[in-house]
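A.B. asks: Sending over upload_9.cif (mmCIF, C-alpha atoms and all ligand atoms).
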```cif
data_protein
#
loop_
_atom_site.label_atom_id
_atom_site.label_comp_id
_atom_site.auth_asym_id
_atom_site.auth_seq_id
_atom_site.Cartn_x
_atom_site.Cartn_y
_atom_site.Cartn_z
CA MET A 535 -15.97 -1.28 19.11
CA LEU A 536 -13.36 1.39 19.96
CA VAL A 537 -9.71 0.54 19.30
CA LEU A 538 -6.71 2.67 20.23
CA GLY A 539 -3.78 2.19 17.82
CA ILE A 540 -0.18 2.98 18.69
CA GLU A 541 2.62 3.10 16.10
CA THR A 542 6.31 3.78 16.82
CA SER A 543 8.18 1.49 14.43
CA CYS A 544 10.39 4.14 12.86
CA ASP A 545 10.46 7.92 13.20
CA GLU A 546 6.79 8.78 13.68
CA THR A 547 5.12 8.65 17.09
CA ALA A 548 1.45 8.04 16.35
CA ALA A 549 -1.82 7.24 18.12
CA SER A 550 -5.34 6.94 16.77
CA VAL A 551 -8.83 5.93 17.83
CA ILE A 552 -10.96 3.99 15.35
CA GLN A 553 -14.59 3.01 15.73
CA ASP A 554 -15.71 -0.36 14.32
CA GLY A 555 -12.57 -0.60 12.21
CA ARG A 556 -13.57 2.17 9.84
CA ALA A 557 -14.53 5.51 11.37
CA ILE A 558 -11.44 7.50 12.28
CA LEU A 559 -12.26 9.41 15.47
CA SER A 560 -8.73 10.76 15.78
CA SER A 561 -5.29 10.31 14.23
CA VAL A 562 -2.30 12.09 15.73
CA VAL A 563 1.17 11.81 14.18
CA ALA A 564 4.28 13.48 15.62
CA SER A 565 7.03 13.44 13.02
CA GLN A 566 10.69 13.36 14.05
CA GLU A 567 11.87 14.88 10.76
CA ALA A 568 13.47 17.83 12.56
CA VAL A 569 15.46 15.42 14.80
CA HIS A 570 16.93 13.42 11.90
CA GLU A 571 17.16 16.08 9.20
CA LYS A 572 20.69 17.17 9.96
CA PHE A 573 21.89 13.55 9.67
CA GLN A 574 19.96 13.07 6.39
CA GLY A 575 18.73 9.74 7.76
CA ILE A 576 17.24 8.13 10.86
CA VAL A 577 19.49 7.77 13.92
CA PRO A 578 17.90 4.85 15.82
CA GLU A 579 18.95 5.94 19.32
CA LEU A 580 17.60 9.46 18.77
CA ALA A 581 14.37 7.98 17.39
CA SER A 582 13.82 5.85 20.52
CA ARG A 583 14.46 8.82 22.82
CA ALA A 584 12.11 11.08 20.86
CA HIS A 585 9.37 8.40 21.05
CA LEU A 586 9.86 8.17 24.82
CA GLU A 587 9.46 11.92 25.20
CA THR A 588 6.23 12.19 23.20
CA ILE A 589 4.36 8.89 23.35
CA ASN A 590 2.19 9.59 26.40
CA SER A 591 1.11 13.03 25.26
CA ILE A 592 0.34 11.72 21.76
CA VAL A 593 -1.90 8.99 23.21
CA ASP A 594 -3.62 11.55 25.47
CA GLU A 595 -4.16 13.83 22.47
CA ALA A 596 -5.68 10.99 20.42
CA LEU A 597 -8.15 10.17 23.21
CA LEU A 598 -8.95 13.85 23.75
CA ARG A 599 -9.68 14.46 20.06
CA ALA A 600 -11.87 11.33 20.00
CA ASN A 601 -13.61 12.65 23.10
CA ILE A 602 -13.18 9.39 25.02
CA GLY A 603 -11.16 8.02 27.95
CA PHE A 604 -9.26 4.73 28.40
CA ARG A 605 -12.30 3.14 30.04
CA ASP A 606 -14.33 3.57 26.82
CA LEU A 607 -11.85 1.47 24.81
CA ASP A 608 -12.40 -2.17 23.79
CA ALA A 609 -8.82 -2.97 22.78
CA ILE A 610 -5.37 -1.51 22.18
CA ALA A 611 -3.54 -2.37 18.94
CA VAL A 612 0.19 -1.78 18.70
CA THR A 613 2.88 -2.29 16.05
CA ARG A 614 4.97 -5.30 17.02
CA GLY A 615 7.40 -5.13 14.06
CA PRO A 616 9.17 -4.94 11.75
CA GLY A 617 10.98 -1.74 12.63
CA LEU A 618 13.73 -0.27 14.80
CA VAL A 619 13.95 -2.36 17.95
CA GLY A 620 14.31 0.54 20.39
CA SER A 621 11.46 2.47 18.76
CA LEU A 622 9.18 -0.60 18.73
CA LEU A 623 9.90 -1.26 22.40
CA VAL A 624 8.73 2.21 23.42
CA GLY A 625 5.37 1.80 21.70
CA TYR A 626 4.92 -1.84 22.68
CA LEU A 627 5.69 -1.36 26.37
CA THR A 628 3.51 1.75 26.51
CA ALA A 629 0.60 -0.13 24.96
CA ARG A 630 1.13 -3.16 27.18
CA THR A 631 1.20 -0.99 30.30
CA TYR A 632 -2.05 0.76 29.37
CA ALA A 633 -3.60 -2.62 28.51
CA LYS A 634 -2.66 -4.07 31.88
CA VAL A 635 -3.75 -1.03 33.89
CA PHE A 636 -7.13 -0.73 32.14
CA LYS A 637 -7.60 -4.52 31.67
CA LEU A 638 -7.87 -4.27 27.89
CA PRO A 639 -6.88 -6.86 25.26
CA LEU A 640 -3.56 -6.05 23.56
CA VAL A 641 -3.46 -6.74 19.82
CA PRO A 642 0.05 -6.93 18.30
CA VAL A 643 -0.04 -5.83 14.66
CA ASN A 644 2.50 -6.39 11.89
CA HIS A 645 3.50 -2.97 10.52
CA LEU A 646 3.22 -4.13 6.90
CA GLU A 647 -0.25 -5.47 7.58
CA GLY A 648 -1.03 -1.97 8.83
CA HIS A 649 0.05 -0.52 5.47
CA ILE A 650 -2.33 -2.96 3.73
CA PHE A 651 -5.21 -1.90 6.01
CA ALA A 652 -4.66 1.80 5.16
CA ASN A 653 -6.65 0.84 2.05
CA VAL A 654 -9.60 -0.28 4.17
CA LEU A 655 -9.70 3.16 5.80
CA ASN A 656 -10.27 4.62 2.34
CA LYS A 657 -12.58 1.88 1.08
CA PRO A 658 -14.44 0.39 4.05
CA ASP A 659 -16.10 -2.30 1.91
CA LEU A 660 -12.76 -3.54 0.56
CA LYS A 661 -12.84 -7.34 0.54
CA PRO A 662 -10.03 -9.85 -0.19
CA PRO A 663 -8.74 -11.36 -2.37
CA PHE A 664 -6.62 -8.55 -3.76
CA LEU A 665 -3.00 -7.73 -4.50
CA CYS A 666 -1.10 -5.14 -2.49
CA LEU A 667 2.14 -3.41 -3.44
CA ILE A 668 3.81 -2.22 -0.23
CA VAL A 669 6.36 0.51 -0.96
CA SER A 670 7.91 2.31 1.97
CA GLY A 671 11.24 3.51 3.32
CA GLY A 672 12.07 0.03 4.62
CA HIS A 673 10.10 -2.35 2.38
CA THR A 674 9.09 -3.09 -1.19
CA GLU A 675 6.88 -6.16 -1.39
CA LEU A 676 4.14 -7.68 -3.49
CA VAL A 677 1.60 -9.39 -1.24
CA LEU A 678 -1.43 -11.48 -2.16
CA VAL A 679 -4.15 -10.85 0.42
CA ASP A 680 -6.16 -14.11 0.28
CA ALA A 681 -8.13 -13.09 3.36
CA PHE A 682 -7.56 -10.59 6.16
CA GLY A 683 -4.92 -12.35 8.22
CA ARG A 684 -3.88 -14.69 5.37
CA TYR A 685 -1.09 -13.35 3.20
CA ARG A 686 1.31 -14.67 0.58
CA VAL A 687 4.44 -12.60 -0.01
CA LEU A 688 5.19 -13.04 -3.72
CA GLY A 689 8.45 -11.15 -3.65
CA ARG A 690 10.32 -8.33 -2.04
CA THR A 691 13.35 -6.21 -2.75
CA ARG A 692 16.68 -8.01 -2.79
CA ASP A 693 18.49 -4.86 -1.65
CA ASP A 694 17.24 -1.28 -1.20
CA ALA A 695 13.58 -0.41 -0.66
CA ALA A 696 12.01 2.06 -3.09
CA GLY A 697 11.66 4.82 -0.45
CA GLU A 698 15.23 4.31 0.69
CA VAL A 699 16.42 4.92 -2.88
CA PHE A 700 14.35 8.13 -3.12
CA ASP A 701 16.00 9.26 0.14
CA LYS A 702 19.53 8.36 -0.95
CA VAL A 703 19.26 9.98 -4.38
CA ALA A 704 17.82 13.12 -2.74
CA ARG A 705 20.71 13.17 -0.29
CA VAL A 706 23.30 13.14 -3.09
CA LEU A 707 21.38 15.85 -4.95
CA ARG A 708 21.19 17.80 -1.63
CA LEU A 709 17.41 18.15 -1.83
CA GLY A 710 16.58 17.52 1.85
CA TYR A 711 15.22 14.75 4.04
CA PRO A 712 13.08 12.71 3.64
CA GLY A 713 13.85 12.72 -0.06
CA GLY A 714 10.66 11.30 -1.61
CA PRO A 715 8.52 14.45 -1.36
CA HIS A 716 11.39 16.63 -2.74
CA VAL A 717 11.99 14.35 -5.73
CA ASP A 718 8.24 14.14 -6.38
CA ARG A 719 7.91 17.96 -6.37
CA LEU A 720 10.90 18.64 -8.66
CA ALA A 721 10.04 15.77 -11.01
CA LYS A 722 6.73 17.46 -11.87
CA GLU A 723 8.67 20.06 -13.90
CA GLY A 724 11.32 17.73 -15.31
CA ASN A 725 11.66 15.60 -18.43
CA THR A 726 11.06 11.91 -17.68
CA LYS A 727 13.10 10.93 -20.74
CA ALA A 728 16.10 13.19 -20.15
CA TYR A 729 18.40 10.45 -18.82
CA PRO A 730 18.18 6.69 -19.56
CA PHE A 731 18.51 5.24 -16.06
CA PRO A 732 18.23 1.44 -15.85
CA ARG A 733 14.97 -0.40 -15.12
CA PRO A 734 15.72 -3.45 -12.97
CA TYR A 735 12.70 -5.53 -13.99
CA LEU A 736 13.91 -8.99 -12.92
CA TRP A 737 11.23 -10.47 -15.14
CA GLU A 738 11.83 -14.02 -14.05
CA ASN A 739 10.34 -13.49 -10.60
CA TRP A 740 8.32 -11.14 -8.37
CA GLU A 741 11.29 -9.59 -6.62
CA PHE A 742 12.68 -6.07 -6.91
CA SER A 743 16.17 -4.59 -6.89
CA PHE A 744 16.84 -0.87 -6.70
CA SER A 745 20.47 -0.58 -5.64
CA GLY A 746 21.81 -0.66 -9.22
CA LEU A 747 19.45 2.12 -10.25
CA LYS A 748 20.51 4.12 -7.20
CA THR A 749 24.21 3.67 -8.03
CA SER A 750 23.58 4.71 -11.62
CA VAL A 751 21.82 7.96 -10.59
CA VAL A 752 24.38 8.72 -7.87
CA ASN A 753 27.38 8.12 -10.17
CA PHE A 754 25.82 10.31 -12.82
CA ALA A 755 25.05 13.12 -10.36
CA LEU A 756 28.62 12.96 -9.05
CA GLY A 757 30.02 13.16 -12.60
CA LYS A 758 31.37 9.58 -12.58
CA SER A 759 29.17 8.06 -15.25
CA GLU A 760 30.70 6.96 -18.55
CA SER A 761 27.42 5.81 -20.10
CA ILE A 762 25.02 8.61 -19.21
CA GLY A 763 27.40 11.58 -19.43
CA LYS A 764 28.43 14.46 -17.19
CA PRO A 765 26.20 16.86 -15.23
CA PRO A 766 26.43 20.56 -16.17
CA GLU A 767 28.61 22.93 -14.18
CA PRO A 768 27.28 24.71 -12.26
CA VAL A 769 24.37 22.35 -11.58
CA THR A 770 21.15 24.08 -12.65
CA ASP A 771 17.58 23.74 -11.35
CA ALA A 772 16.53 22.44 -14.77
CA PHE A 773 19.15 19.67 -14.52
CA LEU A 774 17.94 18.63 -11.03
CA LYS A 775 14.34 18.52 -12.24
CA ASP A 776 15.30 16.31 -15.19
CA VAL A 777 17.31 13.92 -13.00
CA CYS A 778 14.41 13.66 -10.53
CA ALA A 779 11.86 13.07 -13.29
CA SER A 780 14.03 10.47 -15.07
CA PHE A 781 14.92 8.63 -11.86
CA GLN A 782 11.35 8.64 -10.55
CA GLU A 783 10.07 7.35 -13.89
CA ALA A 784 12.47 4.40 -13.73
CA VAL A 785 11.22 3.43 -10.24
CA VAL A 786 7.58 3.89 -11.21
CA ASP A 787 7.96 1.92 -14.47
CA VAL A 788 9.19 -1.11 -12.52
CA LEU A 789 6.65 -0.86 -9.69
CA VAL A 790 3.68 -0.48 -12.03
CA ALA A 791 4.74 -3.11 -14.57
CA LYS A 792 5.45 -5.78 -11.93
CA THR A 793 2.28 -5.10 -9.98
CA VAL A 794 0.01 -5.26 -13.01
CA ARG A 795 1.76 -8.40 -14.29
CA ALA A 796 1.35 -10.09 -10.89
CA ALA A 797 -2.33 -9.12 -10.71
CA LYS A 798 -2.94 -10.71 -14.10
CA HIS A 799 -0.85 -13.79 -13.37
CA PHE A 800 -2.67 -14.50 -10.09
CA ARG A 801 -6.07 -13.45 -11.52
CA MET A 802 -6.57 -10.66 -9.00
CA LYS A 803 -9.21 -8.15 -10.03
CA ARG A 804 -8.21 -5.53 -7.48
CA VAL A 805 -4.87 -3.83 -6.84
CA THR A 806 -4.03 -1.81 -3.73
CA VAL A 807 -0.91 0.11 -2.71
CA GLY A 808 0.44 1.02 0.73
CA GLY A 809 3.46 2.68 2.38
CA GLY A 810 5.06 6.12 2.20
CA VAL A 811 6.00 5.90 -1.50
CA ALA A 812 2.28 5.46 -2.28
CA VAL A 813 2.08 9.25 -1.71
CA ASN A 814 4.12 9.71 -4.90
CA SER A 815 2.01 11.55 -7.44
CA ARG A 816 3.54 9.88 -10.49
CA LEU A 817 3.13 6.38 -9.02
CA ARG A 818 -0.54 7.10 -8.23
CA GLU A 819 -1.14 8.50 -11.73
CA ARG A 820 0.66 5.70 -13.60
CA MET A 821 -0.88 2.93 -11.47
CA GLN A 822 -4.33 4.38 -12.15
CA GLU A 823 -3.67 4.52 -15.92
CA ALA A 824 -2.27 0.97 -16.01
CA CYS A 825 -5.16 -0.49 -13.98
CA ILE A 826 -7.76 1.19 -16.20
CA LYS A 827 -5.97 -0.16 -19.29
CA GLU A 828 -5.87 -3.71 -17.91
CA GLY A 829 -9.42 -3.68 -16.51
CA LEU A 830 -8.27 -3.83 -12.88
CA SER A 831 -9.84 -1.95 -9.95
CA LEU A 832 -7.45 0.19 -7.95
CA THR A 833 -7.68 1.34 -4.34
CA LEU A 834 -5.18 3.87 -3.02
CA PRO A 835 -5.07 5.04 0.61
CA ASP A 836 -5.51 8.75 1.32
CA ARG A 837 -2.07 10.37 1.29
CA ALA A 838 -2.19 10.95 5.07
CA PHE A 839 -2.55 7.19 5.64
CA CYS A 840 0.22 6.09 3.26
CA THR A 841 3.09 7.24 5.47
CA ASP A 842 3.35 5.77 8.96
CA ASN A 843 0.28 6.41 11.13
CA ALA A 844 -1.64 4.68 13.90
CA ALA A 845 -5.08 4.65 12.22
CA MET A 846 -3.92 1.82 9.94
CA ILE A 847 -2.64 -0.11 12.99
CA ALA A 848 -5.93 0.38 14.86
CA CYS A 849 -7.84 -0.73 11.75
CA ALA A 850 -5.74 -3.91 11.32
CA GLY A 851 -6.03 -4.51 15.08
CA PHE A 852 -9.82 -4.23 14.95
CA PHE A 853 -10.12 -6.94 12.27
CA GLN A 854 -7.64 -9.20 14.06
CA HIS A 855 -9.40 -8.79 17.40
CA LYS A 856 -12.82 -9.38 15.86
CA ALA A 857 -11.57 -12.57 14.16
CA SER A 858 -10.07 -13.95 17.36
CA LYS A 859 -13.28 -13.18 19.28
CA ALA A 860 -15.30 -14.99 16.60
CA ARG A 861 -12.99 -18.01 16.96
CA LYS A 862 -13.41 -17.69 20.75
CA THR A 863 -9.64 -17.82 21.10
CA PRO A 864 -7.49 -15.31 22.92
CA THR A 865 -6.27 -12.47 20.73
CA ALA A 866 -4.12 -14.05 18.03
CA VAL A 867 -0.52 -13.29 17.38
CA ALA A 868 -0.25 -10.96 14.37
CA PRO A 869 0.27 -12.96 11.18
CA ASP A 870 3.83 -13.14 10.03
CA LEU A 871 4.53 -11.63 6.63
CA ALA A 872 7.75 -13.62 6.60
CA VAL A 873 9.74 -10.59 7.60
CA SER A 874 11.96 -10.50 10.63
CA SER A 875 10.02 -9.86 13.80
CA TRP A 876 11.53 -9.04 17.14
O1 LIG B 901 5.78 4.17 5.18
P1 LIG B 901 6.77 5.18 5.61
O2 LIG B 901 6.25 6.42 6.30
O3 LIG B 901 7.85 4.56 6.58
C1 LIG B 901 8.29 3.25 6.49
O4 LIG B 901 7.55 2.33 6.92
O5 LIG B 901 9.40 3.09 5.92
O6 LIG B 901 7.61 5.58 4.31
C2 LIG B 901 8.59 6.57 4.33
C3 LIG B 901 9.20 6.66 2.95
C4 LIG B 901 10.43 7.56 2.87
O7 LIG B 901 11.47 6.86 2.23
C5 LIG B 901 9.95 8.74 2.04
O8 LIG B 901 10.97 9.36 1.26
C6 LIG B 901 8.91 8.08 1.15
O9 LIG B 901 8.23 7.20 2.02
N1 LIG B 901 7.99 9.06 0.57
C7 LIG B 901 7.90 9.29 -0.76
C8 LIG B 901 6.97 10.35 -0.91
N2 LIG B 901 6.51 10.71 0.33
C9 LIG B 901 7.15 9.91 1.22
N3 LIG B 901 8.52 8.71 -1.81
C10 LIG B 901 8.22 9.17 -3.05
N4 LIG B 901 7.36 10.20 -3.26
C11 LIG B 901 6.71 10.81 -2.25
N5 LIG B 901 5.87 11.82 -2.49
ZN ZN B 902 5.73 2.11 7.27
#
```
Output the file's structure as structure tokens, nothing else.

C.D. replies:
Amino acid sequence: MLVLGIETSCDETAASVIQDGRAILSSVVASQEAVHEKFQGIVPELASRAHLETINSIVDEALLRANIGFRDLDAIAVTRGPGLVGSLLVGYLTARTYAKVFKLPLVPVNHLEGHIFANVLNKPDLKPPFLCLIVSGGHTELVLVDAFGRYRVLGRTRDDAAGEVFDKVARVLRLGYPGGPHVDRLAKEGNTKAYPFPRPYLWENWEFSFSGLKTSVVNFALGKSESIGKPPEPVTDAFLKDVCASFQEAVVDVLVAKTVRAAKHFRMKRVTVGGGVAVNSRLRERMQEACIKEGLSLTLPDRAFCTDNAAMIACAGFFQHKASKARKTPTAVAPDLAVSSW
């Protein structure tokens, strides 16, 4: 079965063709980083316009690289939310138009479910139940995957998402946008114990909170921190590396500890991770170490399928479409992960 996936929930315009839910025939991602870089954050109206300009050529490119045409497809999967409304509309209406013209089923996919399925692309025999930590620019959630299509959200962030905090800290340190990759790179040469930033564990539940940690790092970098001290003047490269390493370690400590604790509490033998922050080298390394120590199996998506892409949407769409065909019902509405849809 050939599924075309389309993803436009944020600032990546992406299309991909997947065969039988696993073989990636093509995956094309057009990043809008250059559009948003000078604002150090995503400007929703510019994102929608950039999607409009590129979406058709990105879909054409995905089909071309897969060496197929629309008439070879069995279904079109598209991100239905959560995301920026204008951006989602561009992808959704494009997909719906193609589906109507070529008489193909349209499969609406939850973006977070897509991040979970990025793990299936890397491990095609991955079977629920398992636990997934979703860490992206917009979300930080712990999800129990009881079955594909059946999810329990254990907890999510009460305020900032992990990726958002990487981006905001990087903005204050003037490292560039998006901030995660810059912090990750500098942290490799820094001291993780240089500065004692807080770890918001919230032990009593499965939720996260990163805004206090962000404020602590920002206040320190701006020279306003009583407790941690003052940055050197002028600010040196060594100082930036130490701040990045110490900040990143605080985020990773919380993400790893909570995930492993949840896996043990709910007797999950397998842990998976998804979302842009899953590219982070320290998170990958520490999660691996912790899972080995606790006797848990770990699946991580390839780095290219952690950040937003359409292969994960096509993969989730394939499983959803197959399930609804087996039930002999029309293509089901994408399961709600209890996040706002549109
Ligand atoms: O999943 P994604 O592409 O978009 C959303 O669905 O939000 O995630 C983007 C986020 C950004 O905040 C970016 O800074 C972060 O992923 N990110 C990283 C790294 N690479 C991307 N964060 C930490 N370390 C990285 N290496
Ligand atoms: Zn995402």

A.B. asks: With only C-alpha atoms counted, which protein, DNA or RNA residues have an atom no more than 8 Å from (-11.2, 16.9, 15.1) in the file frame? Please answer as a ChimeraX atom specification.

C.D. replies: /A:559-560,599-600

A.B. asks: Please tabulate, as a tab-separated table, the residues of chain A that come within 7 Å of ligand ZN 902 (chain B), each with its closest pair of atoms and the distance in Å to one decimal, counting all atoms listed in the file and ordering rows by chain, then residue number upward.

C.D. replies:
```
residue	atom	partner	partner_atom	distance
A:His645	CA	B:ZN902	ZN	6.4
A:Leu646	CA	B:ZN902	ZN	6.7
A:His649	CA	B:ZN902	ZN	6.5
A:Ser670	CA	B:ZN902	ZN	5.7
A:Gly671	CA	B:ZN902	ZN	6.9
A:Gly809	CA	B:ZN902	ZN	5.4
A:Gly810	CA	B:ZN902	ZN	6.5
A:Thr841	CA	B:ZN902	ZN	6.0
A:Asp842	CA	B:ZN902	ZN	4.7
```

A.B. asks: If we count only C-alpha atoms and set the cut-off at 10 Å, which residues sit around Ala796 in chain A, ignoring sequence neighbours fewer than 3 positions away in its own chain? Please answer as a JSON list (two decimals) with C-alpha atoms, keeping the file's coordinate frame.

C.D. replies:
```
[["chain", "number", "residue", "atom", "x", "y", "z"],
["A", 665, "LEU", "CA", -3.00, -7.73, -4.50],
["A", 676, "LEU", "CA", 4.14, -7.68, -3.49],
["A", 677, "VAL", "CA", 1.60, -9.39, -1.24],
["A", 678, "LEU", "CA", -1.43, -11.48, -2.16],
["A", 688, "LEU", "CA", 5.19, -13.04, -3.72],
["A", 739, "ASN", "CA", 10.34, -13.49, -10.60],
["A", 740, "TRP", "CA", 8.32, -11.14, -8.37],
["A", 790, "VAL", "CA", 3.68, -0.48, -12.03],
["A", 791, "ALA", "CA", 4.74, -3.11, -14.57],
["A", 792, "LYS", "CA", 5.45, -5.78, -11.93],
["A", 793, "THR", "CA", 2.28, -5.10, -9.98],
["A", 799, "HIS", "CA", -0.85, -13.79, -13.37],
["A", 800, "PHE", "CA", -2.67, -14.50, -10.09],
["A", 801, "ARG", "CA", -6.07, -13.45, -11.52],
["A", 802, "MET", "CA", -6.57, -10.66, -9.00],
["A", 805, "VAL", "CA", -4.87, -3.83, -6.84]]
```

A.B. asks: Can you tell me which residues sit at most 9 Å away from ligand LIG 901 (chain B), counting all atoms listed in the file, written as a ChimeraX atom specification?

C.D. replies: /A:543-546,616-617,645-646,649,668-673,695-702,704,711-719,782,808-817,837,839-843

A.B. asks: What does the distance between CA of Leu709 in chain A and CA of Cys778 in chain A come to in Å, to one decimal place?

C.D. replies: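 Computing it gives 10.2 Å between the two atoms.
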
A.B. asks: Distance table requested - range 654-734 of chain A against range 748-757 of chain A, cut-off 7 Å, all atoms listed in the file: one row per qualifying residue with the closest atom pair and its distance in Å to one decimal, ordered by chain and rising residue number, as a tab-separated table.

C.D. replies:
```
residue	atom	partner	partner_atom	distance
A:Val699	CA	A:Lys748	CA	6.0
A:Val703	CA	A:Val752	CA	6.3
A:Val706	CA	A:Val752	CA	6.6
A:Phe731	CA	A:Ser750	CA	6.8
```

A.B. asks: Applying 8 Å and only C-alpha atoms, which residues near Cys849 in chain A remain after dropping the ones on its own chain fewer than 3 positions away? List them as a ChimeraX atom specification.

C.D. replies: /A:537,539,552,555-556,648,651-652,654-655,845-846,852-853

A.B. asks: I'd like to know which of A:Val785, A:Ser780, A:Thr631, A:Val679 is closest to Asp694 in chain A, using only C-alpha atoms.

C.D. replies: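 Counting only C-alpha atoms, the residue closest to Asp694 in chain A is A:Val785.
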
A.B. asks: What is the CA of Leu618 in chain A to CA of Pro734 in chain A distance in Å?

C.D. replies: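 Distance reported for this atom pair: 28.0 Å.
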
A.B. asks: By how many Å are CA of Pro639 in chain A and CA of Met535 in chain A apart?

C.D. replies: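 Taking CA of Pro639 in chain A and CA of Met535 in chain A, their separation equals 12.3 Å.
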
A.B. asks: With 6 Å as the threshold, what does the neighbourhood of (-7.2, -1.7, 25.6) contain in terms of residues, counting only C-alpha atoms? Coordinates are those of the file; answer as a list in words.

C.D. replies: Leu607, Asp608, Ala609, Ile610, Ala633, Leu638 and Pro639 of chain A

A.B. asks: Rank nothing, just name the residue among A:Leu623, A:Glu828, A:Asn601, A:Leu774 nearest to Glu579 in chain A, using all atoms listed in the file.

C.D. replies: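 Distance minimum relative to Glu579 in chain A lands on A:Leu623.
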
A.B. asks: For a quick check of understanding, using all atoms listed in the file, which of A:Asn656, A:Gln574, A:Thr542, A:Gln854 has the smallest distance to Thr806 in chain A?

C.D. replies: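 Looking only at the distances to Thr806 in chain A, the closest residue turns out to be A:Asn656.
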